[in-house]
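The file input_6.pdb comes next; it holds PDB, C-alpha atoms.
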```pdb
MODEL        1
ATOM      1  CA  ILE A 601      72.636 197.791  11.225  1.00  0.00           C
ATOM      2  CA  LYS A 602      70.241 195.264  12.701  1.00  0.00           C
ATOM      3  CA  ALA A 603      66.920 194.942  10.887  1.00  0.00           C
ATOM      4  CA  GLU A 604      64.900 196.528  13.704  1.00  0.00           C
ATOM      5  CA  TYR A 605      67.019 199.709  13.499  1.00  0.00           C
ATOM      6  CA  ARG A 606      66.905 200.126   9.716  1.00  0.00           C
ATOM      7  CA  LYS A 607      64.962 202.951   8.059  1.00  0.00           C
ATOM      8  CA  LEU A 608      65.788 205.322  10.948  1.00  0.00           C
ATOM      9  CA  GLY A 609      68.494 207.303   9.185  1.00  0.00           C
ATOM     10  CA  LEU A 610      71.367 205.631  11.042  1.00  0.00           C
ATOM     11  CA  SER A 611      73.325 204.751   7.904  1.00  0.00           C
ATOM     12  CA  ARG A 612      73.174 208.423   6.872  1.00  0.00           C
ATOM     13  CA  LEU A 613      74.710 209.388  10.233  1.00  0.00           C
ATOM     14  CA  PHE A 614      77.440 206.755   9.876  1.00  0.00           C
ATOM     15  CA  PHE A 615      78.303 207.829   6.333  1.00  0.00           C
ATOM     16  CA  GLU A 616      78.275 211.540   7.196  1.00  0.00           C
ATOM     17  CA  ALA A 617      80.690 210.888  10.086  1.00  0.00           C
ATOM     18  CA  ARG A 618      82.973 208.821   7.829  1.00  0.00           C
ATOM     19  CA  PHE A 619      82.969 211.473   5.107  1.00  0.00           C
ATOM     20  CA  LYS A 620      83.647 214.277   7.590  1.00  0.00           C
ATOM     21  CA  TRP A 621      86.580 212.410   9.134  1.00  0.00           C
ATOM     22  CA  ALA A 622      88.058 211.490   5.740  1.00  0.00           C
ATOM     23  CA  LYS A 623      87.814 215.064   4.435  1.00  0.00           C
ATOM     24  CA  GLU A 624      89.512 216.384   7.588  1.00  0.00           C
ATOM     25  CA  GLN A 625      92.526 214.152   6.862  1.00  0.00           C
ATOM     26  CA  LYS A 626      93.380 216.269   3.774  1.00  0.00           C
ATOM     27  CA  ASP A 627      95.350 213.426   2.133  1.00  0.00           C
ATOM     28  CA  ILE A 628      92.470 210.975   1.673  1.00  0.00           C
ATOM     29  CA  LYS A 629      91.070 211.180  -1.850  1.00  0.00           C
ATOM     30  CA  THR A 630      89.316 207.818  -2.110  1.00  0.00           C
ATOM     31  CA  LEU A 631      87.213 205.674   0.204  1.00  0.00           C
ATOM     32  CA  VAL A 632      87.017 201.932  -0.422  1.00  0.00           C
ATOM     33  CA  LEU A 633      84.711 199.444   1.234  1.00  0.00           C
ATOM     34  CA  GLU A 634      83.436 195.988   0.555  1.00  0.00           C
ATOM     35  CA  HIS A 635      80.746 193.588   1.607  1.00  0.00           C
ATOM     36  CA  ARG A 636      79.491 190.126   0.893  1.00  0.00           C
ATOM     37  CA  ASP A 637      77.314 189.934  -2.216  1.00  0.00           C
ATOM     38  CA  ASP A 638      74.237 188.781  -0.318  1.00  0.00           C
ATOM     39  CA  ASN A 639      74.312 191.750   2.085  1.00  0.00           C
ATOM     40  CA  LEU A 640      71.637 193.704   0.229  1.00  0.00           C
ATOM     41  CA  PRO A 641      71.118 196.418   2.892  1.00  0.00           C
ATOM     42  CA  SER A 642      74.836 197.288   2.682  1.00  0.00           C
ATOM     43  CA  GLN A 643      74.738 197.266  -1.098  1.00  0.00           C
ATOM     44  CA  LYS A 644      71.763 199.637  -1.134  1.00  0.00           C
ATOM     45  CA  ALA A 645      73.377 202.023   1.380  1.00  0.00           C
ATOM     46  CA  HIS A 646      76.730 202.094  -0.391  1.00  0.00           C
ATOM     47  CA  GLN A 647      75.131 202.916  -3.713  1.00  0.00           C
ATOM     48  CA  LYS A 648      72.824 205.502  -2.132  1.00  0.00           C
ATOM     49  CA  PHE A 649      75.845 207.401  -0.808  1.00  0.00           C
ATOM     50  CA  GLY A 650      77.630 207.454  -4.152  1.00  0.00           C
ATOM     51  CA  PHE A 651      79.979 204.480  -3.974  1.00  0.00           C
ATOM     52  CA  ARG A 652      80.469 202.665  -7.268  1.00  0.00           C
ATOM     53  CA  LEU A 653      81.198 198.977  -7.707  1.00  0.00           C
ATOM     54  CA  VAL A 654      84.788 198.497  -8.875  1.00  0.00           C
ATOM     55  CA  GLU A 655      85.600 194.847  -8.208  1.00  0.00           C
ATOM     56  CA  SER A 656      84.134 191.474  -7.311  1.00  0.00           C
ATOM     57  CA  ASN A 657      86.221 188.561  -6.013  1.00  0.00           C
ATOM     58  CA  ASP A 658      85.340 185.224  -4.467  1.00  0.00           C
ATOM     59  CA  LEU A 659      86.249 185.160  -0.810  1.00  0.00           C
ATOM     60  CA  LYS A 660      85.985 182.535   1.908  1.00  0.00           C
ATOM     61  CA  TRP A 661      83.997 184.189   4.701  1.00  0.00           C
ATOM     62  CA  PRO A 662      84.291 183.432   8.454  1.00  0.00           C
ATOM     63  CA  ASP A 663      81.179 181.215   8.266  1.00  0.00           C
ATOM     64  CA  GLY A 664      82.977 179.057   5.662  1.00  0.00           C
ATOM     65  CA  ALA A 665      80.905 180.246   2.711  1.00  0.00           C
ATOM     66  CA  LEU A 666      82.675 180.972  -0.554  1.00  0.00           C
ATOM     67  CA  ARG A 667      80.855 183.996  -1.955  1.00  0.00           C
ATOM     68  CA  PRO A 668      81.711 187.108  -3.931  1.00  0.00           C
ATOM     69  CA  SER A 669      83.013 190.118  -2.083  1.00  0.00           C
ATOM     70  CA  LEU A 670      81.886 193.348  -3.732  1.00  0.00           C
ATOM     71  CA  LYS A 671      84.334 196.251  -3.513  1.00  0.00           C
ATOM     72  CA  TYR A 672      83.097 199.833  -3.863  1.00  0.00           C
ATOM     73  CA  GLN A 673      84.935 203.114  -4.277  1.00  0.00           C
ATOM     74  CA  LEU A 674      84.093 206.781  -3.775  1.00  0.00           C
ATOM     75  CA  ASP A 675      86.457 209.488  -4.972  1.00  0.00           C
ATOM     76  CA  PHE A 676      86.357 212.924  -3.344  1.00  0.00           C
TER      77      PHE A 676
ENDMDL
END
```
Just dump the structure as structure tokens.
Amino acid sequence: IKAEYRKLGLSRLFFEARFKWAKEQKDIKTLVLEHRDDNLPSQKAHQKFGFRLVESNDLKWPDGALRPSLKYQLDF
């Protein structure tokens, strides 16, 4: 979410839609997502919605940077 649209409750809407869809699938028990370690808004949102950090691996990103990728998990 671009900086000018943060703090408007948009991430809550995105996460609620994701959770609703996943629960409707009946066979999904775990959600996994990841982001670059310096993406602090994503980190804050993921933790706010109950995801827990499960893994960190160095990854070469499209901009050529070699930075940790943080993987999060949420079990239903």
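What the PyMOL selection byres ((chain A and resi 659) around 12) grabs from this file is Glu634, His635, Arg636, Asp637, Ser656, Asn657, Asp658, Lys660, Trp661, Pro662, Asp663, Gly664, Ala665, Leu666, Arg667, Pro668, Ser669, Leu670 and Lys671 of chain A.
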Find the residues near segment 608-617 of chain A: any atom within 8 Å, counting all atoms listed in the file, skip ones fewer than 6 places away on the same chain, and give them as a PDB file with C-alpha atoms, in the frame of the given file.
```pdb
ATOM      1  CA  ILE A 601      72.636 197.791  11.225  1.00  0.00           C
ATOM      2  CA  ALA A 645      73.377 202.023   1.380  1.00  0.00           C
ATOM      3  CA  PHE A 649      75.845 207.401  -0.808  1.00  0.00           C
TER       4      PHE A 649
END
```
- prompt: Exactly which residues make up the result of the PyMOL selection byres ((chain A and resi 654) around 6) on this file, given as a list in words?
  reply: Leu653, Glu655, Lys671 and Tyr672 of chain A
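Residues within 12 Å of Ile628 of chain A, counting all atoms listed in the file and excluding same-chain residues fewer than 6 positions away, are Arg618, Phe619, Lys620, Trp621, Ala622, Leu674, Asp675 and Phe676 of chain A.
Straight-line separation from atom CA of Leu631 of chain A to atom CA of Lys648 of chain A: 14.6 Å.
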Axis-aligned box for segment 656-671 of chain A, 8 Å per side, centre and edges in Å as JSON:
```
{"center_x": 83.6, "center_y": 187.7, "center_z": 0.6, "size_x": 21.4, "size_y": 33.2, "size_z": 31.8}
```
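Counting only C-alpha atoms, the residue from A:Gln673, A:Lys623, A:Thr630, A:Arg606 that sits nearest to His646 of chain A is A:Gln673.
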Would you mind completing segment 641-661 of chain A to N, CA, C and O atoms and writing the output as a PDB file, in the frame of the given file?
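Output saved as part.pdb:
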```pdb
ATOM      1  N   PRO A 641      71.207 195.102   2.246  1.00  0.00           N
ATOM      2  CA  PRO A 641      71.118 196.418   2.892  1.00  0.00           C
ATOM      3  C   PRO A 641      72.401 197.230   2.750  1.00  0.00           C
ATOM      4  O   PRO A 641      72.357 198.436   2.499  1.00  0.00           O
ATOM      5  N   SER A 642      73.563 196.577   2.873  1.00  0.00           N
ATOM      6  CA  SER A 642      74.836 197.288   2.682  1.00  0.00           C
ATOM      7  C   SER A 642      74.972 197.765   1.244  1.00  0.00           C
ATOM      8  O   SER A 642      75.382 198.894   0.989  1.00  0.00           O
ATOM      9  N   GLN A 643      74.638 196.901   0.313  1.00  0.00           N
ATOM     10  CA  GLN A 643      74.738 197.266  -1.098  1.00  0.00           C
ATOM     11  C   GLN A 643      73.886 198.503  -1.393  1.00  0.00           C
ATOM     12  O   GLN A 643      74.339 199.453  -2.035  1.00  0.00           O
ATOM     13  N   LYS A 644      72.666 198.507  -0.903  1.00  0.00           N
ATOM     14  CA  LYS A 644      71.763 199.637  -1.134  1.00  0.00           C
ATOM     15  C   LYS A 644      72.324 200.926  -0.516  1.00  0.00           C
ATOM     16  O   LYS A 644      72.310 201.985  -1.149  1.00  0.00           O
ATOM     17  N   ALA A 645      72.827 200.842   0.707  1.00  0.00           N
ATOM     18  CA  ALA A 645      73.377 202.023   1.380  1.00  0.00           C
ATOM     19  C   ALA A 645      74.610 202.547   0.660  1.00  0.00           C
ATOM     20  O   ALA A 645      74.742 203.750   0.447  1.00  0.00           O
ATOM     21  N   HIS A 646      75.503 201.659   0.275  1.00  0.00           N
ATOM     22  CA  HIS A 646      76.730 202.094  -0.391  1.00  0.00           C
ATOM     23  C   HIS A 646      76.419 202.817  -1.691  1.00  0.00           C
ATOM     24  O   HIS A 646      76.990 203.872  -1.983  1.00  0.00           O
ATOM     25  N   GLN A 647      75.496 202.283  -2.457  1.00  0.00           N
ATOM     26  CA  GLN A 647      75.131 202.916  -3.713  1.00  0.00           C
ATOM     27  C   GLN A 647      74.391 204.234  -3.470  1.00  0.00           C
ATOM     28  O   GLN A 647      74.608 205.215  -4.187  1.00  0.00           O
ATOM     29  N   LYS A 648      73.560 204.278  -2.458  1.00  0.00           N
ATOM     30  CA  LYS A 648      72.824 205.502  -2.132  1.00  0.00           C
ATOM     31  C   LYS A 648      73.769 206.658  -1.824  1.00  0.00           C
ATOM     32  O   LYS A 648      73.493 207.815  -2.159  1.00  0.00           O
ATOM     33  N   PHE A 649      74.901 206.358  -1.203  1.00  0.00           N
ATOM     34  CA  PHE A 649      75.845 207.401  -0.808  1.00  0.00           C
ATOM     35  C   PHE A 649      76.950 207.629  -1.834  1.00  0.00           C
ATOM     36  O   PHE A 649      77.955 208.260  -1.547  1.00  0.00           O
ATOM     37  N   GLY A 650      76.755 207.112  -3.044  1.00  0.00           N
ATOM     38  CA  GLY A 650      77.630 207.454  -4.152  1.00  0.00           C
ATOM     39  C   GLY A 650      78.786 206.519  -4.436  1.00  0.00           C
ATOM     40  O   GLY A 650      79.585 206.785  -5.332  1.00  0.00           O
ATOM     41  N   PHE A 651      78.910 205.435  -3.691  1.00  0.00           N
ATOM     42  CA  PHE A 651      79.979 204.480  -3.974  1.00  0.00           C
ATOM     43  C   PHE A 651      79.641 203.727  -5.256  1.00  0.00           C
ATOM     44  O   PHE A 651      78.482 203.427  -5.516  1.00  0.00           O
ATOM     45  N   ARG A 652      80.673 203.426  -6.043  1.00  0.00           N
ATOM     46  CA  ARG A 652      80.469 202.665  -7.268  1.00  0.00           C
ATOM     47  C   ARG A 652      81.217 201.341  -7.173  1.00  0.00           C
ATOM     48  O   ARG A 652      82.316 201.266  -6.621  1.00  0.00           O
ATOM     49  N   LEU A 653      80.606 200.310  -7.708  1.00  0.00           N
ATOM     50  CA  LEU A 653      81.198 198.977  -7.707  1.00  0.00           C
ATOM     51  C   LEU A 653      82.418 198.971  -8.618  1.00  0.00           C
ATOM     52  O   LEU A 653      82.339 199.403  -9.766  1.00  0.00           O
ATOM     53  N   VAL A 654      83.551 198.519  -8.088  1.00  0.00           N
ATOM     54  CA  VAL A 654      84.788 198.497  -8.875  1.00  0.00           C
ATOM     55  C   VAL A 654      85.393 197.105  -9.009  1.00  0.00           C
ATOM     56  O   VAL A 654      86.239 196.887  -9.868  1.00  0.00           O
ATOM     57  N   GLU A 655      84.960 196.164  -8.180  1.00  0.00           N
ATOM     58  CA  GLU A 655      85.600 194.847  -8.208  1.00  0.00           C
ATOM     59  C   GLU A 655      84.726 193.822  -7.499  1.00  0.00           C
ATOM     60  O   GLU A 655      84.017 194.145  -6.551  1.00  0.00           O
ATOM     61  N   SER A 656      84.813 192.588  -7.961  1.00  0.00           N
ATOM     62  CA  SER A 656      84.134 191.474  -7.311  1.00  0.00           C
ATOM     63  C   SER A 656      85.083 190.283  -7.319  1.00  0.00           C
ATOM     64  O   SER A 656      85.613 189.921  -8.368  1.00  0.00           O
ATOM     65  N   ASN A 657      85.326 189.715  -6.140  1.00  0.00           N
ATOM     66  CA  ASN A 657      86.221 188.561  -6.013  1.00  0.00           C
ATOM     67  C   ASN A 657      85.606 187.548  -5.075  1.00  0.00           C
ATOM     68  O   ASN A 657      84.993 187.920  -4.072  1.00  0.00           O
ATOM     69  N   ASP A 658      85.792 186.261  -5.387  1.00  0.00           N
ATOM     70  CA  ASP A 658      85.340 185.224  -4.467  1.00  0.00           C
ATOM     71  C   ASP A 658      86.208 185.258  -3.224  1.00  0.00           C
ATOM     72  O   ASP A 658      87.418 185.458  -3.290  1.00  0.00           O
ATOM     73  N   LEU A 659      85.558 185.093  -2.088  1.00  0.00           N
ATOM     74  CA  LEU A 659      86.249 185.160  -0.810  1.00  0.00           C
ATOM     75  C   LEU A 659      85.647 184.113   0.116  1.00  0.00           C
ATOM     76  O   LEU A 659      84.431 183.900   0.115  1.00  0.00           O
ATOM     77  N   LYS A 660      86.484 183.458   0.902  1.00  0.00           N
ATOM     78  CA  LYS A 660      85.985 182.535   1.908  1.00  0.00           C
ATOM     79  C   LYS A 660      85.697 183.355   3.168  1.00  0.00           C
ATOM     80  O   LYS A 660      86.591 183.961   3.753  1.00  0.00           O
ATOM     81  N   TRP A 661      84.459 183.387   3.573  1.00  0.00           N
ATOM     82  CA  TRP A 661      83.997 184.189   4.701  1.00  0.00           C
ATOM     83  C   TRP A 661      84.150 183.420   6.012  1.00  0.00           C
ATOM     84  O   TRP A 661      84.319 182.200   6.003  1.00  0.00           O
TER      85      TRP A 661
END
```
